[in-house]
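The structure appears below as structure tokens.
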Amino acid sequence: MDIVFSESELEKVEEIKSRYPELQAALMPVLWMAQKKFGWLSKEVMMYVAGLLDLSYAHVYGVATFYTMYFKKPMGKNHIQVCTNVSCMLGEGEMIFRHISEKLGINNNETTPDGLFSLEEVECMGACGGAPMIAINEDYYENVSIMMIDDKFDLLKQS
Ligand code: FES
């Protein structure tokens with residue numbers, strides 16, 4: 001895949017840049033756009049973004065590697081995040097993580113061979129009131145149960 005935004009995406013980048021007095025401030029939303037388009041932030045993608053924003057590759061790399069929401073390696077089509085921090089741990093978050101891990105046959109930070117799922121154990125995602133919770137891509141699921149997870153994953157495998 002060529003590492004290049006379309007005309008409309010470049011217009012969006014310009015619109016984002018116009019929101020801020022400093023180009024550095026546009027980096028995070030443009031990195032997010034790049035991840036959405038290219039799937040993850042390879043060195044080539046980060047260099048492309050650096051060029052768009054007239055920033056150094058080192059700066060872009062520093063930001064991309066600081067935030068866990070930016071993927072530094074290819075991820076599955078469905079990125080599963082399971083919170084095992086205090087509230088979720090008390091709500092059996094660790095058991096839920098183990099269940100998903102066994103169900104998918106992968107460990108933390110791994111991707112299934114078919115590329116459908118990647119699994120990540122995460123810290124608090126700010127949804128403690130709905131513990132235990134998981135996230136699938138950008139959707140949060142709260143008060144999850146093993147049965148709910150099994151149903152959801154069966155649906156995801158069919159889609
Ligand atoms: S502890 Fe799990 S969302 Fe806060």
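Naming works like this for the structure tokens: A, B, ... for the chains as they're shown, residue 1 at the start of each chain, ligands 1 onward in shown order.
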Contacts of ligand 1, 8 Å or closer, only C-alpha atoms and all ligand atoms, given as a PDB file with C-alpha atoms, in the first residue's frame:
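So part.pdb came out as:
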ATOM      1  CA  CYS A  83      -9.074  -3.662  31.607  1.00  0.00           C
ATOM      2  CA  THR A  84      -7.671  -5.467  34.636  1.00  0.00           C
ATOM      3  CA  ASN A  85      -7.158  -2.404  36.811  1.00  0.00           C
ATOM      4  CA  VAL A  86      -8.653  -2.204  40.309  1.00  0.00           C
ATOM      5  CA  SER A  87     -12.392  -1.843  39.660  1.00  0.00           C
ATOM      6  CA  CYS A  88     -12.347  -4.276  36.771  1.00  0.00           C
ATOM      7  CA  MET A  89     -10.080  -6.697  38.643  1.00  0.00           C
ATOM      8  CA  GLY A  93     -11.520  -8.587  34.761  1.00  0.00           C
ATOM      9  CA  GLU A 123      -4.959  -0.072  32.599  1.00  0.00           C
ATOM     10  CA  CYS A 124      -8.073   1.846  33.658  1.00  0.00           C
ATOM     11  CA  MET A 125     -10.032   3.128  30.671  1.00  0.00           C
ATOM     12  CA  GLY A 126     -12.191   5.470  32.719  1.00  0.00           C
ATOM     13  CA  ALA A 127     -15.281   3.286  32.713  1.00  0.00           C
ATOM     14  CA  CYS A 128     -14.881   1.966  36.275  1.00  0.00           C
ATOM     15  CA  GLY A 129     -18.593   2.419  37.000  1.00  0.00           C
ATOM     16  CA  GLY A 130     -19.304  -0.242  34.394  1.00  0.00           C
ATOM     17  CA  ALA A 131     -16.622  -2.672  35.545  1.00  0.00           C
ATOM     18  CA  PRO A 132     -15.688  -5.124  34.292  1.00  0.00           C
ATOM     19  CA  MET A 133     -15.292  -3.582  30.888  1.00  0.00           C
TER      20      MET A 133
END
message = When DSSP is applied to the backbone of this structure, which of chain A are assigned helix (DSSP H, G or I)? Write them out as a PyMOL selection string.
response = chain A and resi 7-18+23-38+43-53+57-66+86-90+93-104+128-130+146-158
key: Point-to-point distance in Å for atom CA of Ala34 of chain A and atom CA of Phe117 of chain A   =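 Atom CA of Ala34 of chain A lies at a distance of 20.2 Å from atom CA of Phe117 of chain A.
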ask   = Counting only C-alpha atoms, which of A:Ile3, A:Met47, A:Ile149, A:Leu10 gets nearest to Ala64 of chain A?
value = A:Met47
task = Find, counting only C-alpha atoms, the residue in A:Lys103, A:Met147, A:Asn78, A:Glu92 that gets nearest to Gly115 of chain A.
result =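 Using only C-alpha atoms, the shortest distance to Gly115 of chain A belongs to A:Asn78.
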inquiry  = My list of candidates is A:Ile80, A:His99, A:His59, A:Phe5. Which is closest to Phe38 of chain A when distances are computed with only C-alpha atoms?
reply    = A:Phe5
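Among A:Val49, A:Val144, A:Val4, A:Met28, the residue with the shortest atom-to-atom distance to Ile96 of chain A, counting only C-alpha atoms, is A:Val144.
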request  = Name all residues at most 8 Å from Leu119 of chain A (count only C-alpha atoms; drop same-chain ones fewer than 6 positions away) and give them as a list in words.
outcome  =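 Here the qualifying residues turn out to be His79, Ile80, Gln81, Val82, Ser101, Ile106, Asn107, Asn108, Asn109, Glu110 and Thr111 of chain A.
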Writing out the chosen residues with C-alpha atoms as a PDB file, in the first residue's frame:
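Output contents, as saved in part.pdb:
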ATOM      1  CA  HIS A  79      -8.433  -4.812  18.694  1.00  0.00           C
ATOM      2  CA  ILE A  80      -9.619  -6.184  22.025  1.00  0.00           C
ATOM      3  CA  GLN A  81      -8.611  -4.276  25.136  1.00  0.00           C
ATOM      4  CA  VAL A  82      -9.395  -5.803  28.508  1.00  0.00           C
ATOM      5  CA  SER A 101      -6.915 -15.252  25.761  1.00  0.00           C
ATOM      6  CA  ILE A 106      -3.234 -15.702  21.972  1.00  0.00           C
ATOM      7  CA  ASN A 107      -1.504 -13.920  24.833  1.00  0.00           C
ATOM      8  CA  ASN A 108      -1.209 -10.265  25.686  1.00  0.00           C
ATOM      9  CA  ASN A 109      -0.129  -8.080  22.743  1.00  0.00           C
ATOM     10  CA  GLU A 110      -0.535 -10.884  20.236  1.00  0.00           C
ATOM     11  CA  THR A 111      -2.661 -11.206  17.099  1.00  0.00           C
TER      12      THR A 111
END
Which residue of A:Leu155, A:Met1, A:Met148, A:Ala25 approaches Lys37 of chain A most closely, using only C-alpha atoms = A:Met1
request  = Rank A:Met95, A:Ile136, A:Ala58, A:Leu156 by their smallest atom-to-atom distance to Leu116 of chain A, using only C-alpha atoms, and report the top residue only.
outcome  =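 The closest residue to Leu116 of chain A is A:Leu156.
In this structure, atom CA of Glu120 of chain A sits 17.1 Å away from atom CA of Leu41 of chain A.
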key: Shell of 9 Å around Tyr57 of chain A, only C-alpha atoms, local chain residues under 6 positions omitted, as a ChimeraX atom specification   = /A:43,46-51
request  = Calculate how many Å separate atom CA of Asp114 of chain A from atom CA of Lys157 of chain A, rounding to one decimal.
outcome  =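 Answer for the atom CA of Asp114 of chain A to atom CA of Lys157 of chain A separation: 10.5 Å.
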task = Output as a ChimeraX atom specification all residues of segment 5-159 of chain A that backbone DSSP marks as strand (DSSP E).
result = /A:78-83,110-111,117-122,134-136,139-141
